[in-house]
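Participant: Below is the file entry-v2.csv, with CSV, C-alpha atoms and all ligand atoms.
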```csv
chain,number,residue,atom,x,y,z
A,365,MET,CA,129.0,13.7,-51.0
A,366,LEU,CA,130.6,12.0,-48.0
A,367,THR,CA,128.5,9.1,-46.8
A,368,PHE,CA,128.6,7.7,-43.3
A,369,TYR,CA,127.3,4.1,-43.5
A,370,ASN,CA,126.1,2.2,-40.4
A,371,GLU,CA,127.2,-1.4,-41.0
A,372,HIS,CA,125.3,-2.4,-37.8
A,373,HIS,CA,121.9,-1.3,-39.2
A,374,SER,CA,120.9,-4.9,-40.1
A,375,GLU,CA,121.0,-5.9,-36.4
A,376,HIS,CA,117.7,-4.2,-36.2
A,377,ARG,CA,115.4,-6.7,-37.9
A,378,GLY,CA,111.8,-6.7,-36.8
A,379,ARG,CA,109.8,-9.8,-37.6
A,380,PHE,CA,106.2,-8.5,-37.8
A,381,GLU,CA,104.1,-5.4,-37.4
A,382,ILE,CA,100.3,-5.0,-37.2
A,383,PHE,CA,99.0,-3.5,-40.4
A,384,ARG,CA,95.2,-3.1,-41.0
A,385,GLY,CA,94.4,-5.8,-38.4
A,386,GLN,CA,96.9,-8.3,-39.6
A,387,LEU,CA,100.4,-9.4,-38.6
A,388,VAL,CA,102.5,-8.7,-41.7
A,389,PRO,CA,106.3,-8.7,-42.3
A,390,CYS,CA,107.9,-5.4,-41.3
A,391,PHE,CA,108.0,-2.7,-44.1
A,392,GLU,CA,111.1,-1.2,-42.4
A,393,LYS,CA,113.6,-3.9,-43.2
A,394,PRO,CA,117.4,-4.2,-43.6
A,395,GLU,CA,117.3,-4.6,-47.5
A,396,ARG,CA,116.3,-0.9,-47.7
A,397,ALA,CA,119.7,0.4,-46.5
A,398,ASP,CA,121.6,-2.5,-48.3
A,399,LEU,CA,120.0,-1.4,-51.6
A,400,VAL,CA,120.8,2.3,-51.1
A,401,LEU,CA,124.4,1.4,-50.4
A,402,LYS,CA,124.6,-0.8,-53.5
A,403,GLU,CA,123.2,2.1,-55.7
A,404,LEU,CA,125.6,4.6,-54.1
A,405,GLU,CA,128.6,2.4,-54.9
A,406,ARG,CA,127.3,1.7,-58.4
A,407,ARG,CA,127.0,5.4,-59.2
A,408,ARG,CA,130.3,6.4,-57.4
A,409,LEU,CA,128.8,9.3,-55.6
A,410,GLY,CA,131.8,10.0,-53.4
A,411,ARG,CA,133.5,8.3,-50.4
A,412,ILE,CA,131.7,5.9,-48.1
A,413,VAL,CA,133.1,5.6,-44.6
A,414,ARG,CA,132.2,4.1,-41.2
A,415,PRO,CA,131.3,6.6,-38.4
A,416,HIS,CA,133.3,7.1,-35.2
A,417,GLY,CA,131.3,6.3,-32.0
A,418,VAL,CA,130.0,9.4,-30.2
A,419,PRO,CA,129.6,9.7,-26.4
A,420,LEU,CA,126.2,9.0,-24.9
A,421,MET,CA,126.4,12.7,-23.8
A,422,SER,CA,125.8,13.7,-27.4
A,423,LEU,CA,122.6,11.7,-27.4
A,424,GLU,CA,121.5,13.3,-24.1
A,425,ARG,CA,121.5,16.7,-25.9
A,426,VAL,CA,118.3,15.5,-27.6
A,427,HIS,CA,117.0,12.5,-25.6
A,428,SER,CA,116.2,12.2,-21.9
A,429,PRO,CA,118.7,10.1,-19.8
A,430,ARG,CA,115.9,7.8,-18.5
A,431,TYR,CA,114.7,7.1,-22.1
A,432,LEU,CA,118.3,6.3,-23.2
A,433,HIS,CA,118.8,4.1,-20.2
A,434,PHE,CA,115.5,2.3,-21.0
A,435,LEU,CA,116.6,1.7,-24.7
A,436,ARG,CA,120.0,0.4,-23.6
A,437,SER,CA,118.6,-2.1,-21.1
A,438,ALA,CA,115.3,-3.0,-22.8
A,439,TRP,CA,116.3,-6.2,-24.6
A,440,SER,CA,118.0,-7.8,-21.5
A,441,GLU,CA,114.9,-7.0,-19.5
A,442,TRP,CA,112.7,-8.5,-22.1
A,443,ILE,CA,114.6,-11.8,-22.2
A,444,ALA,CA,114.8,-11.8,-18.4
A,445,LEU,CA,111.0,-12.0,-18.3
A,446,ASP,CA,111.2,-15.4,-20.2
A,447,PRO,CA,114.1,-16.9,-22.1
A,448,ALA,CA,111.7,-17.8,-24.9
A,449,ASN,CA,111.4,-14.1,-25.6
A,450,ALA,CA,114.8,-14.2,-27.3
A,451,GLU,CA,112.9,-15.4,-30.4
A,452,LYS,CA,110.2,-12.8,-30.1
A,453,ASP,CA,110.1,-9.0,-30.7
A,454,ALA,CA,108.8,-6.8,-27.8
A,455,PHE,CA,105.7,-4.7,-28.4
A,456,PRO,CA,103.9,-2.3,-26.0
A,457,ALA,CA,100.3,-3.0,-25.2
A,458,VAL,CA,99.3,-0.1,-22.9
A,459,TRP,CA,100.0,3.7,-23.1
A,460,PRO,CA,99.6,6.5,-20.5
A,461,VAL,CA,97.1,8.6,-22.6
A,462,ARG,CA,95.4,11.7,-21.2
A,463,THR,CA,94.1,11.1,-17.6
A,464,LEU,CA,96.7,8.4,-16.8
A,465,ARG,CA,100.0,9.4,-15.2
A,466,ASP,CA,103.3,9.5,-17.1
A,467,ASP,CA,105.4,11.0,-14.4
A,468,ILE,CA,106.1,7.7,-12.5
A,469,GLU,CA,108.1,5.0,-14.2
A,470,PRO,CA,106.4,1.7,-13.7
A,471,ASP,CA,108.5,-1.3,-12.7
A,472,ASN,CA,106.7,-3.6,-15.1
A,473,PHE,CA,108.7,-3.9,-18.3
A,474,CYS,CA,105.7,-3.9,-20.7
A,475,ALA,CA,104.2,-0.8,-19.0
A,476,ARG,CA,107.6,1.0,-19.4
A,477,LEU,CA,107.6,0.0,-23.1
A,478,GLY,CA,104.2,1.8,-23.4
A,479,LEU,CA,105.5,4.8,-21.4
A,480,TYR,CA,108.3,5.2,-23.9
A,481,SER,CA,106.4,4.6,-27.1
A,482,MET,CA,103.6,6.0,-29.3
A,483,ASP,CA,102.4,3.0,-31.3
A,484,SER,CA,102.3,-0.7,-31.7
A,485,GLY,CA,103.9,-0.7,-35.2
A,486,THR,CA,107.5,-0.5,-34.0
A,487,PRO,CA,109.0,-3.8,-32.8
A,488,PHE,CA,111.9,-3.7,-30.3
A,489,THR,CA,114.4,-6.4,-31.3
A,490,SER,CA,117.7,-7.9,-30.0
A,491,GLY,CA,119.7,-5.5,-32.2
A,492,THR,CA,117.6,-2.4,-31.9
A,493,TRP,CA,119.8,-0.5,-29.5
A,494,ILE,CA,123.1,-1.2,-31.3
A,495,ALA,CA,121.6,-0.3,-34.7
A,496,ALA,CA,120.0,2.9,-33.3
A,497,LYS,CA,123.1,4.0,-31.4
A,498,THR,CA,125.5,3.4,-34.4
A,499,GLY,CA,122.9,5.2,-36.6
A,500,ALA,CA,123.0,8.2,-34.2
A,501,ASP,CA,126.8,8.0,-34.6
A,502,CYS,CA,126.3,8.3,-38.4
A,503,ALA,CA,124.1,11.3,-38.0
A,504,VAL,CA,126.5,13.2,-35.7
A,505,ASN,CA,129.4,12.3,-37.9
A,506,ALA,CA,127.5,13.6,-41.0
A,507,ALA,CA,126.9,16.9,-39.1
A,508,HIS,CA,130.5,17.2,-38.0
A,509,ALA,CA,131.7,16.7,-41.6
A,510,LEU,CA,129.9,19.9,-42.5
A,511,ARG,CA,131.8,21.7,-39.7
A,512,LEU,CA,135.0,20.3,-41.1
A,513,GLY,CA,134.2,21.9,-44.5
A,514,GLU,CA,132.3,19.3,-46.5
A,515,ARG,CA,129.5,20.8,-48.6
A,516,ALA,CA,127.3,17.8,-48.2
A,517,SER,CA,127.1,14.5,-46.2
A,518,PHE,CA,124.8,11.6,-46.0
A,519,ALA,CA,123.9,9.5,-42.9
A,520,LEU,CA,123.0,6.1,-44.4
A,521,THR,CA,121.4,4.2,-41.6
A,522,ARG,CA,118.2,2.6,-40.3
A,523,PRO,CA,116.0,2.4,-38.3
A,524,PRO,CA,114.9,5.9,-39.3
A,525,GLY,CA,114.5,8.6,-36.7
A,526,HIS,CA,112.1,11.5,-37.3
A,527,HIS,CA,109.1,10.0,-35.4
A,528,ALA,CA,111.2,9.5,-32.2
A,529,GLY,CA,110.8,12.3,-29.6
A,530,ALA,CA,113.0,13.2,-26.6
A,531,ASP,CA,111.6,10.3,-24.7
A,532,PHE,CA,109.6,8.0,-26.9
A,533,PHE,CA,109.9,5.7,-29.9
A,534,GLY,CA,107.4,4.9,-32.7
A,535,GLY,CA,106.8,5.0,-36.4
A,536,TYR,CA,109.8,2.6,-36.8
A,537,CYS,CA,112.1,5.2,-35.1
A,538,PHE,CA,114.1,5.1,-31.8
A,539,LEU,CA,116.7,7.8,-31.9
A,540,ASN,CA,116.0,11.0,-33.8
A,541,ASN,CA,119.0,11.1,-36.1
A,542,ALA,CA,118.1,14.4,-37.8
A,543,ALA,CA,117.6,16.2,-34.5
A,544,LEU,CA,120.9,14.8,-33.2
A,545,ALA,CA,122.6,16.1,-36.4
A,546,ALA,CA,121.0,19.6,-36.0
A,547,GLN,CA,121.9,19.7,-32.3
A,548,HIS,CA,125.5,18.7,-33.0
A,549,LEU,CA,125.8,21.5,-35.6
A,550,LEU,CA,124.7,24.0,-32.9
A,551,ASP,CA,126.9,22.6,-30.2
A,552,ASP,CA,129.9,22.8,-32.6
A,553,GLY,CA,129.4,26.5,-33.3
A,554,ALA,CA,126.5,27.0,-35.8
A,555,ARG,CA,124.2,29.7,-34.7
A,556,ARG,CA,121.1,28.7,-36.7
A,557,VAL,CA,120.2,25.4,-38.3
A,558,ALA,CA,117.2,24.3,-40.4
A,559,ILE,CA,115.7,20.9,-40.8
A,560,LEU,CA,113.7,20.1,-44.0
A,561,ASP,CA,111.7,16.9,-43.6
A,562,ILE,CA,110.5,15.5,-47.0
A,563,ASP,CA,109.5,12.0,-45.7
A,564,TYR,CA,105.8,11.2,-46.6
A,565,HIS,CA,105.0,11.2,-42.8
A,566,HIS,CA,105.1,14.2,-40.6
A,567,GLY,CA,108.3,14.3,-38.5
A,568,ASN,CA,106.4,14.6,-35.2
A,569,GLY,CA,109.5,13.7,-33.1
A,570,THR,CA,111.7,16.4,-34.7
A,571,GLN,CA,108.9,19.0,-34.4
A,572,SER,CA,108.3,18.3,-30.7
A,573,ILE,CA,112.1,18.4,-29.9
A,574,PHE,CA,112.5,21.9,-31.3
A,575,TYR,CA,109.0,23.4,-31.0
A,576,GLY,CA,109.9,26.0,-28.4
A,577,ARG,CA,113.2,27.0,-29.9
A,578,ASN,CA,114.3,29.6,-32.5
A,579,ASP,CA,117.8,28.2,-33.2
A,580,VAL,CA,116.3,25.3,-35.3
A,581,LEU,CA,113.7,26.0,-38.0
A,582,PHE,CA,111.7,22.9,-38.8
A,583,ILE,CA,109.8,22.5,-42.1
A,584,SER,CA,107.9,19.4,-43.1
A,585,ILE,CA,106.0,18.4,-46.2
A,586,HIS,CA,103.8,15.4,-45.6
A,587,GLY,CA,100.5,13.6,-46.0
A,588,ASP,CA,97.7,15.4,-44.1
A,589,PRO,CA,97.7,13.9,-40.6
A,590,LYS,CA,93.9,13.9,-40.6
A,591,SER,CA,94.2,10.7,-42.7
A,592,GLU,CA,97.9,9.8,-42.5
A,593,TYR,CA,100.3,8.6,-39.8
A,594,PRO,CA,101.2,10.0,-37.2
A,595,PHE,CA,97.7,11.4,-37.1
A,596,TYR,CA,98.1,13.5,-33.9
A,597,LEU,CA,100.6,16.1,-35.1
A,598,GLY,CA,101.6,17.9,-38.4
A,599,HIS,CA,98.8,20.3,-39.0
A,600,ALA,CA,99.4,23.7,-40.7
A,601,ASP,CA,98.4,25.7,-37.5
A,602,GLU,CA,101.4,24.3,-35.6
A,603,THR,CA,103.8,27.2,-36.0
A,604,GLY,CA,106.0,27.0,-32.8
A,605,ALA,CA,105.6,28.1,-29.2
A,606,GLY,CA,107.1,30.9,-27.1
A,607,ALA,CA,110.6,31.8,-28.4
A,608,GLY,CA,110.0,29.2,-31.2
A,609,LEU,CA,106.9,30.9,-32.6
A,610,GLY,CA,107.4,31.2,-36.3
A,611,TYR,CA,110.1,28.5,-36.4
A,612,ASN,CA,107.9,25.5,-37.2
A,613,MET,CA,106.2,25.2,-40.6
A,614,ASN,CA,104.0,22.3,-41.6
A,615,LEU,CA,102.9,21.9,-45.2
A,616,PRO,CA,100.4,19.0,-45.2
A,617,LEU,CA,99.1,17.8,-48.5
A,618,PRO,CA,96.1,15.6,-49.1
A,619,ALA,CA,96.8,11.9,-49.6
A,620,GLY,CA,96.7,11.6,-53.4
A,621,ALA,CA,98.3,15.0,-54.0
A,622,THR,CA,99.9,15.5,-57.4
A,623,VAL,CA,103.5,15.9,-58.2
A,624,ALA,CA,102.9,19.6,-59.0
A,625,GLN,CA,101.3,20.2,-55.6
A,626,TRP,CA,104.3,18.5,-54.0
A,627,PHE,CA,106.8,20.7,-55.8
A,628,ALA,CA,104.8,23.8,-55.0
A,629,ALA,CA,105.1,22.9,-51.3
A,630,LEU,CA,108.9,22.4,-51.8
A,631,GLU,CA,109.1,25.8,-53.3
A,632,THR,CA,107.3,27.3,-50.3
A,633,ALA,CA,109.7,25.5,-48.0
A,634,CYS,CA,112.7,26.7,-49.9
A,635,ILE,CA,111.7,30.3,-49.9
A,636,LYS,CA,111.2,30.1,-46.1
A,637,LEU,CA,114.6,28.4,-45.7
A,638,ALA,CA,116.3,31.0,-47.8
A,639,SER,CA,114.9,33.8,-45.6
A,640,TYR,CA,116.0,32.1,-42.4
A,641,ALA,CA,119.5,31.9,-43.8
A,642,PRO,CA,120.7,29.1,-41.6
A,643,ASP,CA,124.4,28.1,-41.2
A,644,ALA,CA,123.6,24.6,-42.2
A,645,LEU,CA,120.7,22.4,-43.4
A,646,VAL,CA,119.7,18.9,-42.3
A,647,VAL,CA,117.4,17.0,-44.7
A,648,SER,CA,115.2,14.2,-43.3
A,649,LEU,CA,115.3,12.2,-46.6
A,650,GLY,CA,112.4,9.8,-46.9
A,651,VAL,CA,111.4,8.6,-50.3
A,652,ASP,CA,108.0,7.2,-49.3
A,653,THR,CA,106.6,10.0,-51.4
A,654,PHE,CA,107.3,7.7,-54.4
A,655,ALA,CA,104.1,6.7,-56.3
A,656,GLY,CA,104.9,3.0,-55.7
A,657,ASP,CA,105.3,3.2,-52.0
A,658,PRO,CA,103.2,0.5,-50.3
A,659,ILE,CA,102.1,2.5,-47.2
A,660,SER,CA,101.9,6.1,-48.6
A,661,ARG,CA,99.8,8.0,-51.1
A,662,PHE,CA,101.8,10.6,-53.0
A,663,ALA,CA,102.8,10.3,-56.7
A,664,LEU,CA,106.5,11.2,-57.2
A,665,GLN,CA,108.3,9.3,-60.0
A,666,GLY,CA,112.0,8.3,-60.0
A,667,GLY,CA,113.1,11.3,-62.0
A,668,ASP,CA,111.3,13.7,-59.6
A,669,PHE,CA,113.9,12.8,-57.0
A,670,LEU,CA,116.7,14.3,-59.1
A,671,ARG,CA,114.7,17.6,-59.2
A,672,ILE,CA,114.4,17.6,-55.4
A,673,GLY,CA,118.1,17.3,-55.0
A,674,GLU,CA,118.7,20.1,-57.6
A,675,ARG,CA,116.2,22.4,-55.8
A,676,ILE,CA,117.8,21.8,-52.4
A,677,ALA,CA,121.3,22.4,-53.8
A,678,HIS,CA,120.1,25.8,-55.1
A,679,LEU,CA,119.9,26.9,-51.5
A,680,LYS,CA,123.7,26.8,-51.4
A,681,LEU,CA,123.8,25.6,-47.8
A,682,PRO,CA,126.1,23.0,-46.2
A,683,THR,CA,123.7,20.1,-46.1
A,684,ALA,CA,123.5,16.8,-44.2
A,685,PHE,CA,121.1,14.3,-45.6
A,686,VAL,CA,119.7,11.7,-43.2
A,687,PHE,CA,117.9,8.6,-44.4
A,688,GLU,CA,114.3,8.2,-43.2
A,689,GLY,CA,111.4,6.2,-44.8
A,690,GLY,CA,110.8,4.7,-48.2
A,691,TYR,CA,109.3,1.2,-48.5
A,692,ALA,CA,109.2,0.4,-52.2
A,693,VAL,CA,112.3,-1.7,-51.7
A,694,ALA,CA,113.1,-2.3,-55.4
A,695,GLU,CA,113.2,1.4,-56.1
A,696,VAL,CA,114.5,2.8,-52.8
A,697,GLY,CA,118.2,2.8,-53.8
A,698,VAL,CA,117.6,4.7,-57.1
A,699,ASN,CA,115.2,7.2,-55.5
A,700,VAL,CA,117.5,8.1,-52.6
A,701,VAL,CA,120.6,8.3,-54.8
A,702,ASN,CA,118.7,10.4,-57.3
A,703,VAL,CA,118.2,13.1,-54.7
A,704,LEU,CA,121.9,13.0,-53.8
A,705,GLU,CA,123.0,13.1,-57.4
A,706,GLY,CA,120.6,15.9,-58.2
A,707,PHE,CA,122.2,17.8,-55.3
A,708,GLU,CA,125.7,17.2,-56.6
A,709,THR,CA,125.1,18.2,-60.2
B,1,LIG,N1,100.3,-0.4,-37.2
B,1,LIG,C1,108.7,6.4,-41.5
B,1,LIG,O1,108.4,6.5,-42.7
B,1,LIG,N2,102.6,2.8,-39.8
B,1,LIG,N3,107.8,5.8,-40.6
B,1,LIG,C2,101.7,2.6,-38.8
B,1,LIG,C3,100.8,0.9,-37.3
B,1,LIG,C4,103.7,3.7,-39.4
B,1,LIG,C5,106.5,5.4,-41.1
B,1,LIG,C6,101.1,1.3,-38.8
B,1,LIG,C7,104.4,4.4,-40.5
B,1,LIG,C8,105.6,5.0,-40.0
B,1,LIG,C9,110.0,6.8,-40.9
B,2,ZN,ZN,107.7,8.0,-43.7
```
Could I get this structure in the form of structure tokens?
Facilitator:
Amino acid sequence: MLTFYNEHHSEHRGRFEIFRGQLVPCFEKPERADLVLKELERRRLGRIVRPHGVPLMSLERVHSPRYLHFLRSAWSEWIALDPANAEKDAFPAVWPVRTLRDDIEPDNFCARLGLYSMDSGTPFTSGTWIAAKTGADCAVNAAHALRLGERASFALTRPPGHHAGADFFGGYCFLNNAALAAQHLLDDGARRVAILDIDYHHGNGTQSIFYGRNDVLFISIHGDPKSEYPFYLGHADETGAGAGLGYNMNLPLPAGATVAQWFAALETACIKLASYAPDALVVSLGVDTFAGDPISRFALQGGDFLRIGERIAHLKLPTAFVFEGGYAVAEVGVNVVNVLEGFET
């Protein structure tokens, strides 16, 4: 396993988010990636290297130029509104839902923050752009490593990515690392790529980016969006559109689903993956399916994560893992590295 570690991840450090009507410390915090790195080093699971920077053009393969421009300049615009903002995170407060127009970019900064986001749970901070950009570098490097002959790679970065769409952030995500990895594989010569998303939450951003395409199969196992974030996408009847019809598979499970139900869904996903026979696989690796996760409601135990890695390895595909969610901080390192070790053995 070749790991690309984003040493700039900790520059994204949100102060608070709104959770059930209260301001609470962010669940998505730097300690998460620090602890995964520590566990990776402790168990000696292969080389850990820093990624090379990739050109912004690689990011434009997935994200719109105006969204990228907004992310790059957002912090300086925020502090230009009021120097005291340097000590505060930026949050959107208004969104262009339904009958409102989203085709004209407002001049007002907070309105643009709403145009380019989907929720109020994702603080924009002084280091968000640098952390997200170097995280995207990690993902593209991890994809490229497969093209250079590695069997498996791991993009160890945060903030996560799978809720971010072509032109919006949300769900703690800004740049869609898994989508960038998949697109890089295609741009470097792969003909077909699959993405398996095993984070507790539906990967709405990834789904939306590839929904009309047949060169990327997207499969997600997640908490039923009727009760779980992101609520407005991730249902079983979303199977792709146009040329992409049949290339999107959602496997929602009720909150509270058993370990056996979860592994039955993984089996369904793996059978579909095997029949698609992609040239490479990207795994959106969230471990918020863990029983002890503070914001999720599945029941996996630490040892179950070894089994996940073993099952994915059985597909015998070049595989790039990308770190997503997982908020039980004390166990996040062991759970993530269990998947990777299960894959290796
Ligand atoms: N106030 C990932 O696991 N919670 N994202 C919404 C809004 C969002 C989780 C709370 C959970 C997003 C990558
Ligand atoms: Zn999640």
Participant: Applying 12 Å and all atoms listed in the file, which residues near Arg430 of chain A remain after dropping the ones on its own chain fewer than 4 positions away? List them as a list of chain:residue names.
Facilitator: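 Final neighbour list, sorted by chain and number: A:Leu423, A:Glu424, A:Phe434, A:Leu435, A:Arg436, A:Ser437, A:Ala438, A:Asp467, A:Ile468, A:Glu469, A:Arg476, A:Leu479, A:Tyr480, A:Ala530, A:Asp531, A:Phe532.
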Participant: Produce a file of the selected residues containing C-alpha atoms, as a PDB file, in the frame of the given file.
Facilitator:
```
ATOM      1  CA  LEU A 423     122.600  11.700 -27.400  1.00  0.00           C
ATOM      2  CA  GLU A 424     121.500  13.300 -24.100  1.00  0.00           C
ATOM      3  CA  PHE A 434     115.500   2.300 -21.000  1.00  0.00           C
ATOM      4  CA  LEU A 435     116.600   1.700 -24.700  1.00  0.00           C
ATOM      5  CA  ARG A 436     120.000   0.400 -23.600  1.00  0.00           C
ATOM      6  CA  SER A 437     118.600  -2.100 -21.100  1.00  0.00           C
ATOM      7  CA  ALA A 438     115.300  -3.000 -22.800  1.00  0.00           C
ATOM      8  CA  ASP A 467     105.400  11.000 -14.400  1.00  0.00           C
ATOM      9  CA  ILE A 468     106.100   7.700 -12.500  1.00  0.00           C
ATOM     10  CA  GLU A 469     108.100   5.000 -14.200  1.00  0.00           C
ATOM     11  CA  ARG A 476     107.600   1.000 -19.400  1.00  0.00           C
ATOM     12  CA  LEU A 479     105.500   4.800 -21.400  1.00  0.00           C
ATOM     13  CA  TYR A 480     108.300   5.200 -23.900  1.00  0.00           C
ATOM     14  CA  ALA A 530     113.000  13.200 -26.600  1.00  0.00           C
ATOM     15  CA  ASP A 531     111.600  10.300 -24.700  1.00  0.00           C
ATOM     16  CA  PHE A 532     109.600   8.000 -26.900  1.00  0.00           C
TER      17      PHE A 532
END
```
Participant: Taking all atoms listed in the file into account, which of A:Cys537, A:Ala543, A:Ile573, A:Val693 comes nearest ligand ZN 2 (chain B)?
Facilitator: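 The answer is A:Cys537, which sits nearest to ligand ZN 2 (chain B).
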Participant: Can you pull out every residue within 8 Å of segment 646-653 of chain A, counting only C-alpha atoms, but drop anything in the same chain fewer than 5 positions away, and send it as a count of residues only?
Facilitator: 31
Participant: Hey, can you check how far atom CA of Gln625 of chain A sits from atom CA of Phe391 of chain A?
Facilitator: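 Calculated distance between atom CA of Gln625 of chain A and atom CA of Phe391 of chain A is 26.5 Å.
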Participant: Mind checking which residues fall within 9 Å of Gln547 of chain A, counting all atoms listed in the file, ignoring those fewer than 4 positions away in the same chain, and posting them as a list in words?
Facilitator: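 Residues meeting the cut-off are Ser422, Arg425, Val426, Val504, Ala507, Ala542, Ala543, Asp551, Asp552, Val557 and Val580 of chain A.
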Participant: I need the chosen residues saved as a short mmCIF file (atom, residue, chain, number, x, y, z; two decimals), in the coordinates of the input, with C-alpha atoms.
Facilitator:
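Once written, selection_18.cif looks like this:
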```cif
data_model
loop_
_atom_site.label_atom_id
_atom_site.label_comp_id
_atom_site.auth_asym_id
_atom_site.auth_seq_id
_atom_site.Cartn_x
_atom_site.Cartn_y
_atom_site.Cartn_z
CA SER A 422 125.80 13.70 -27.40
CA ARG A 425 121.50 16.70 -25.90
CA VAL A 426 118.30 15.50 -27.60
CA VAL A 504 126.50 13.20 -35.70
CA ALA A 507 126.90 16.90 -39.10
CA ALA A 542 118.10 14.40 -37.80
CA ALA A 543 117.60 16.20 -34.50
CA ASP A 551 126.90 22.60 -30.20
CA ASP A 552 129.90 22.80 -32.60
CA VAL A 557 120.20 25.40 -38.30
CA VAL A 580 116.30 25.30 -35.30
#
```
Participant: Residues of chain A within 6 Å of ligand LIG 1 (chain B): nearest atom pair and distance (Å, one decimal) for each, counting all atoms listed in the file, sorted by chain and number, as a tab-separated table?
Facilitator:
```
residue	atom	partner	partner_atom	distance
A:Ile382	CA	B:LIG1	N1	4.6
A:Phe383	CA	B:LIG1	N1	4.6
A:Ser484	CA	B:LIG1	N1	5.9
A:Gly485	CA	B:LIG1	C3	4.1
A:Pro524	CA	B:LIG1	C9	5.2
A:Gly535	CA	B:LIG1	C8	3.8
A:Tyr536	CA	B:LIG1	N3	5.4
A:His565	CA	B:LIG1	O1	5.8
A:Tyr593	CA	B:LIG1	C7	5.9
A:Glu688	CA	B:LIG1	C9	5.1
A:Gly689	CA	B:LIG1	O1	3.7
```
Participant: Go through A:Glu381, A:His586, A:Thr622, A:Phe627 and flag the residue nearest ligand ZN 2 (chain B), using all atoms listed in the file for the distances.
Facilitator: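 Looking at the shortest contact to ligand ZN 2 (chain B), the residue is A:His586.
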Participant: Using only C-alpha atoms, which of the listed residues (A:Gly410, A:Pro487, A:Pro616, A:Pro415) sits closest to Pro389 of chain A?
Facilitator: A:Pro487
Participant: For each of A:Gly385, A:Gly553, A:Pro447, A:Pro594, take the minimum atom-to-atom distance to ligand ZN 2 (chain B), counting only C-alpha atoms and all ligand atoms, then give the residue where this is smallest.
Facilitator: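 Residue with the minimum atom-to-atom distance to ligand ZN 2 (chain B): A:Pro594.
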Participant: Atom CA of Ile494 of chain A to atom CA of Thr570 of chain A: how many Å, to one decimal?
Facilitator: 21.2 Å
Participant: Which residues are near Arg377 of chain A? Cut-off 9 Å, all atoms listed in the file, ignore same chain within fewer than 6 positions. Put them as a PyMOL selection string.
Facilitator: chain A and resi 390+392-394+487-492
Participant: Rounded to one decimal, what separation in Å do you get between atom CA of Phe380 of chain A and atom CA of Lys497 of chain A?
Facilitator: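 Atom CA of Lys497 of chain A lies at a distance of 22.0 Å from atom CA of Phe380 of chain A.
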Participant: Given all atoms listed in the file as the basis, pick out the residue of A:Trp439, A:Phe533, A:Phe455, A:Tyr575 nearest to Gly610 of chain A.
Facilitator: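 Ranking A:Trp439, A:Phe533, A:Phe455, A:Tyr575 by distance to Gly610 of chain A, first place goes to A:Tyr575.
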Participant: As AutoDock Vina command-line options, please: the centre and edge lengths in Å, to one decimal, of an axis-aligned box enclosing every listed atom of segment 394-411 of chain A with 8 Å added on each side.
Facilitator:
```
--center_x 124.9 --center_y 2.7 --center_z -51.4 --size_x 33.2 --size_y 30.6 --size_z 31.6
```
Participant: Name the residues, using the chain letters and numbers of the file, that sit within 12 Å of (132.2, 3.0, -45.5) when counting only C-alpha atoms, and give them as a list in words.
Facilitator: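 Taken together, the residues in range are Leu366, Thr367, Phe368, Tyr369, Asn370, Glu371, His372, Leu401, Lys402, Leu404, Glu405, Gly410, Arg411, Ile412, Val413, Arg414, Pro415, His416, Cys502, Phe518, Ala519, Leu520 and Thr521 of chain A.
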